[in-house]
Amino acid sequence: DTGVSQDPRHKITKRGQNVTFRCDPISEHNRLYWYRQTLGQGPEFLTYFQNEAQLEKSRLLSDRFSAERPKGSFSTLEIQRTEQGDSAMYLCASSTAGYGYTFGSGTRLTVV
Amino acid sequence: AQSVTQLDSQVPVFEEAPVELRCNYSSSVSVYLFWYVQYPNQGLQLLLKYLSGSTLVKGINGFEAEFNKSQTSFHLRKPSVHISDTAEYFCAVSHSMDSNYQLIWGAGTKLIIKP
């Protein structure tokens with residue numbers, strides 16, 4: 001068990017560019033979550049997958065954000081036409097019954 | 001609606017002294033309660049959780065927390081802190097009837113250990 005892996009760890013992009021992040025959950029975990037965390041705040045829920053099905057999306061997830069989990073294993077989060085307000089740490093977590101997540105180390109996005 | 005309040009944004013404490021980080025929640029139904037720790041530039045790590053049973057929960061790194069239903073609190077304690085405990089601590093709540101177990105988070109408390 002190698003834990004939850006996120007790639008890349010850091011991403012700097014110019015405003016207006018598209019970015020994609022990847023999350024590899026713990027292999028036996030069927031639930032996968034994306035959260036966003038800005039400085040000095042707790043994580044904010046973005047979206048949730050059970051296997052390959054995206055079961056819930058936060059209203060924070062605008063049309064510029066899309067997430068996929070094509071085979072119920074790894075997941076990607078894409079942000080199109082990035083804005084400075086998208087700068088944050090994007091956290092992925094996985095779980096089985098949901099009684100406490102295992103988080104990855106996060107991807108820190110800086111939009112310049 | 002559920003909410004989580006961490007009353008202190010920062011808690012400075014001397015090394016080897018005891019510490020308590022406070023967490024209060026609001027919910028009209030049963031909850032599951034969690035404490036996570038986040039070291040600088042890292043993801044969050046589960047410290048401990050309350051699901052049911054004994055109200056005193058022991059976690060990793062010598063931390064423990066007590067669930068108090070009447071006061072809707074879940075305060076985190078450690079009898080003697082070390083410099084390595086410097087981190088941000090987050091309290092979170094899950095609605096027990098919620099099928100996706102989405103967590104509601106507090107804003108975090110930074111634990112600052114003074115030598």
# chains A, B, ... in the order shown; residues from 1 in each chain; ligands from 1
call {"tool": "closest_atom_pairs", "arguments": {"of": "chain B", "to": "chain A", "cutoff": "10 Å", "atoms": "only C-alpha atoms", "output": "tab-separated table"}}
result
residue	atom	partner	partner_atom	distance
B:Ser9	CA	A:Gly40	CA	8.8
B:Tyr32	CA	A:Tyr99	CA	7.9
B:Leu33	CA	A:Gly100	CA	9.0
B:Phe34	CA	A:Gly100	CA	7.2
B:Trp35	CA	A:Gly100	CA	9.3
B:Tyr36	CA	A:Gly100	CA	9.3
B:Gln38	CA	A:Ser105	CA	9.6
B:Tyr39	CA	A:Ser105	CA	10.0
B:Asn41	CA	A:Ser105	CA	7.6
B:Gln42	CA	A:Ser105	CA	4.9
B:Gly43	CA	A:Ser105	CA	3.9
B:Leu44	CA	A:Phe103	CA	5.7
B:Gln45	CA	A:Phe103	CA	6.7
B:Leu46	CA	A:Gly100	CA	6.9
B:Leu47	CA	A:Gly100	CA	9.6
B:Leu48	CA	A:Gly100	CA	8.6
B:Lys49	CA	A:Gly100	CA	7.3
B:Tyr50	CA	A:Tyr99	CA	9.2
B:Leu51	CA	A:Tyr99	CA	7.9
B:Glu88	CA	A:Gly40	CA	9.3
B:Tyr89	CA	A:Gly42	CA	9.4
B:Phe90	CA	A:Gly42	CA	7.0
B:Cys91	CA	A:Gly42	CA	8.9
B:Ala92	CA	A:Gly42	CA	9.1
B:Ser94	CA	A:Tyr99	CA	8.6
B:Ser96	CA	A:Tyr99	CA	9.8
B:Ser99	CA	A:Gly98	CA	9.0
B:Asn100	CA	A:Gly98	CA	7.2
B:Tyr101	CA	A:Gly98	CA	5.6
B:Gln102	CA	A:Phe45	CA	7.7
B:Leu103	CA	A:Phe45	CA	7.8
B:Ile104	CA	A:Glu44	CA	8.2
B:Trp105	CA	A:Gly42	CA	5.7
B:Gly106	CA	A:Gly42	CA	5.8
B:Ala107	CA	A:Gly42	CA	4.5
B:Gly108	CA	A:Gly42	CA	6.0
B:Thr109	CA	A:Gly40	CA	9.1
B:Lys110	CA	A:Gly40	CA	9.2
call {"tool": "select_by_dssp", "arguments": {"residues": "range 38-93 of chain B", "states": "strand (DSSP E or B)", "output": "compact mmCIF listing (two decimals) with N, CA and C atoms, in the first residue's frame"}}
result
# COMPACT_ATOMS: atom_id res chain seq x y z
N GLN B 38 -2.06 18.50 9.64
CA GLN B 38 -1.42 18.86 8.37
C GLN B 38 -0.08 19.53 8.66
N LEU B 44 -3.33 15.97 4.50
CA LEU B 44 -3.84 15.78 5.85
C LEU B 44 -3.73 14.32 6.29
N GLN B 45 -3.38 14.12 7.54
CA GLN B 45 -3.22 12.78 8.10
C GLN B 45 -4.22 12.60 9.24
N LEU B 46 -4.90 11.47 9.24
CA LEU B 46 -5.88 11.20 10.29
C LEU B 46 -5.19 10.96 11.63
N LEU B 47 -5.57 11.74 12.64
CA LEU B 47 -5.04 11.57 14.00
C LEU B 47 -5.89 10.58 14.79
N LEU B 48 -7.20 10.79 14.75
CA LEU B 48 -8.11 9.92 15.49
C LEU B 48 -9.53 10.18 15.01
N LYS B 49 -10.44 9.28 15.40
CA LYS B 49 -11.83 9.41 14.99
C LYS B 49 -12.74 8.85 16.08
N TYR B 50 -13.93 9.45 16.17
CA TYR B 50 -14.97 8.92 17.03
C TYR B 50 -16.12 8.46 16.13
N LEU B 56 -13.87 8.61 25.01
CA LEU B 56 -12.46 8.99 25.00
C LEU B 56 -11.76 8.18 23.92
N VAL B 57 -11.21 8.89 22.97
CA VAL B 57 -10.61 8.25 21.81
C VAL B 57 -9.11 8.54 21.81
N LYS B 58 -8.33 7.50 21.64
CA LYS B 58 -6.88 7.69 21.58
C LYS B 58 -6.42 7.59 20.13
N GLU B 64 -5.23 12.47 22.15
CA GLU B 64 -6.51 11.88 22.48
C GLU B 64 -7.58 12.96 22.40
N ALA B 65 -8.82 12.54 22.27
CA ALA B 65 -9.92 13.49 22.20
C ALA B 65 -11.13 12.90 22.92
N GLU B 66 -11.96 13.78 23.45
CA GLU B 66 -13.14 13.34 24.18
C GLU B 66 -14.39 13.90 23.53
N PHE B 67 -15.30 13.00 23.19
CA PHE B 67 -16.59 13.38 22.62
C PHE B 67 -17.54 13.73 23.76
N ASN B 68 -18.09 14.95 23.73
CA ASN B 68 -19.05 15.38 24.73
C ASN B 68 -20.32 15.78 24.01
N SER B 73 -18.99 18.96 21.72
CA SER B 73 -17.57 19.26 21.59
C SER B 73 -16.77 18.00 21.34
N PHE B 74 -15.58 18.20 20.79
CA PHE B 74 -14.66 17.08 20.51
C PHE B 74 -13.26 17.67 20.60
N HIS B 75 -12.85 18.04 21.80
CA HIS B 75 -11.57 18.71 22.00
C HIS B 75 -10.41 17.72 21.95
N LEU B 76 -9.32 18.17 21.37
CA LEU B 76 -8.11 17.36 21.20
C LEU B 76 -7.10 17.74 22.28
N ARG B 77 -6.46 16.72 22.85
CA ARG B 77 -5.52 16.99 23.95
C ARG B 77 -4.25 16.17 23.77
N LYS B 78 -3.16 16.73 24.33
CA LYS B 78 -1.91 15.97 24.44
C LYS B 78 -1.25 16.41 25.73
N ALA B 87 2.21 22.05 13.69
CA ALA B 87 1.40 21.72 12.51
C ALA B 87 0.07 22.44 12.64
N GLU B 88 -0.77 22.24 11.64
CA GLU B 88 -2.13 22.74 11.71
C GLU B 88 -3.07 21.55 11.93
N TYR B 89 -4.02 21.74 12.80
CA TYR B 89 -4.92 20.66 13.19
C TYR B 89 -6.35 21.03 12.79
N PHE B 90 -7.01 20.07 12.14
CA PHE B 90 -8.37 20.29 11.64
C PHE B 90 -9.33 19.30 12.27
N CYS B 91 -10.45 19.84 12.72
CA CYS B 91 -11.55 19.03 13.21
C CYS B 91 -12.57 18.89 12.08
N ALA B 92 -13.18 17.72 11.95
CA ALA B 92 -14.15 17.50 10.88
C ALA B 92 -15.29 16.62 11.38
N VAL B 93 -16.43 16.81 10.76
CA VAL B 93 -17.66 16.11 11.14
C VAL B 93 -18.26 15.46 9.91
call {"tool": "closest_residue", "arguments": {"among": "B:Val37, B:Leu111, B:Arg22, B:Glu15", "to": "Thr86 in chain B", "atoms": "only C-alpha atoms"}}
result
B:Leu111
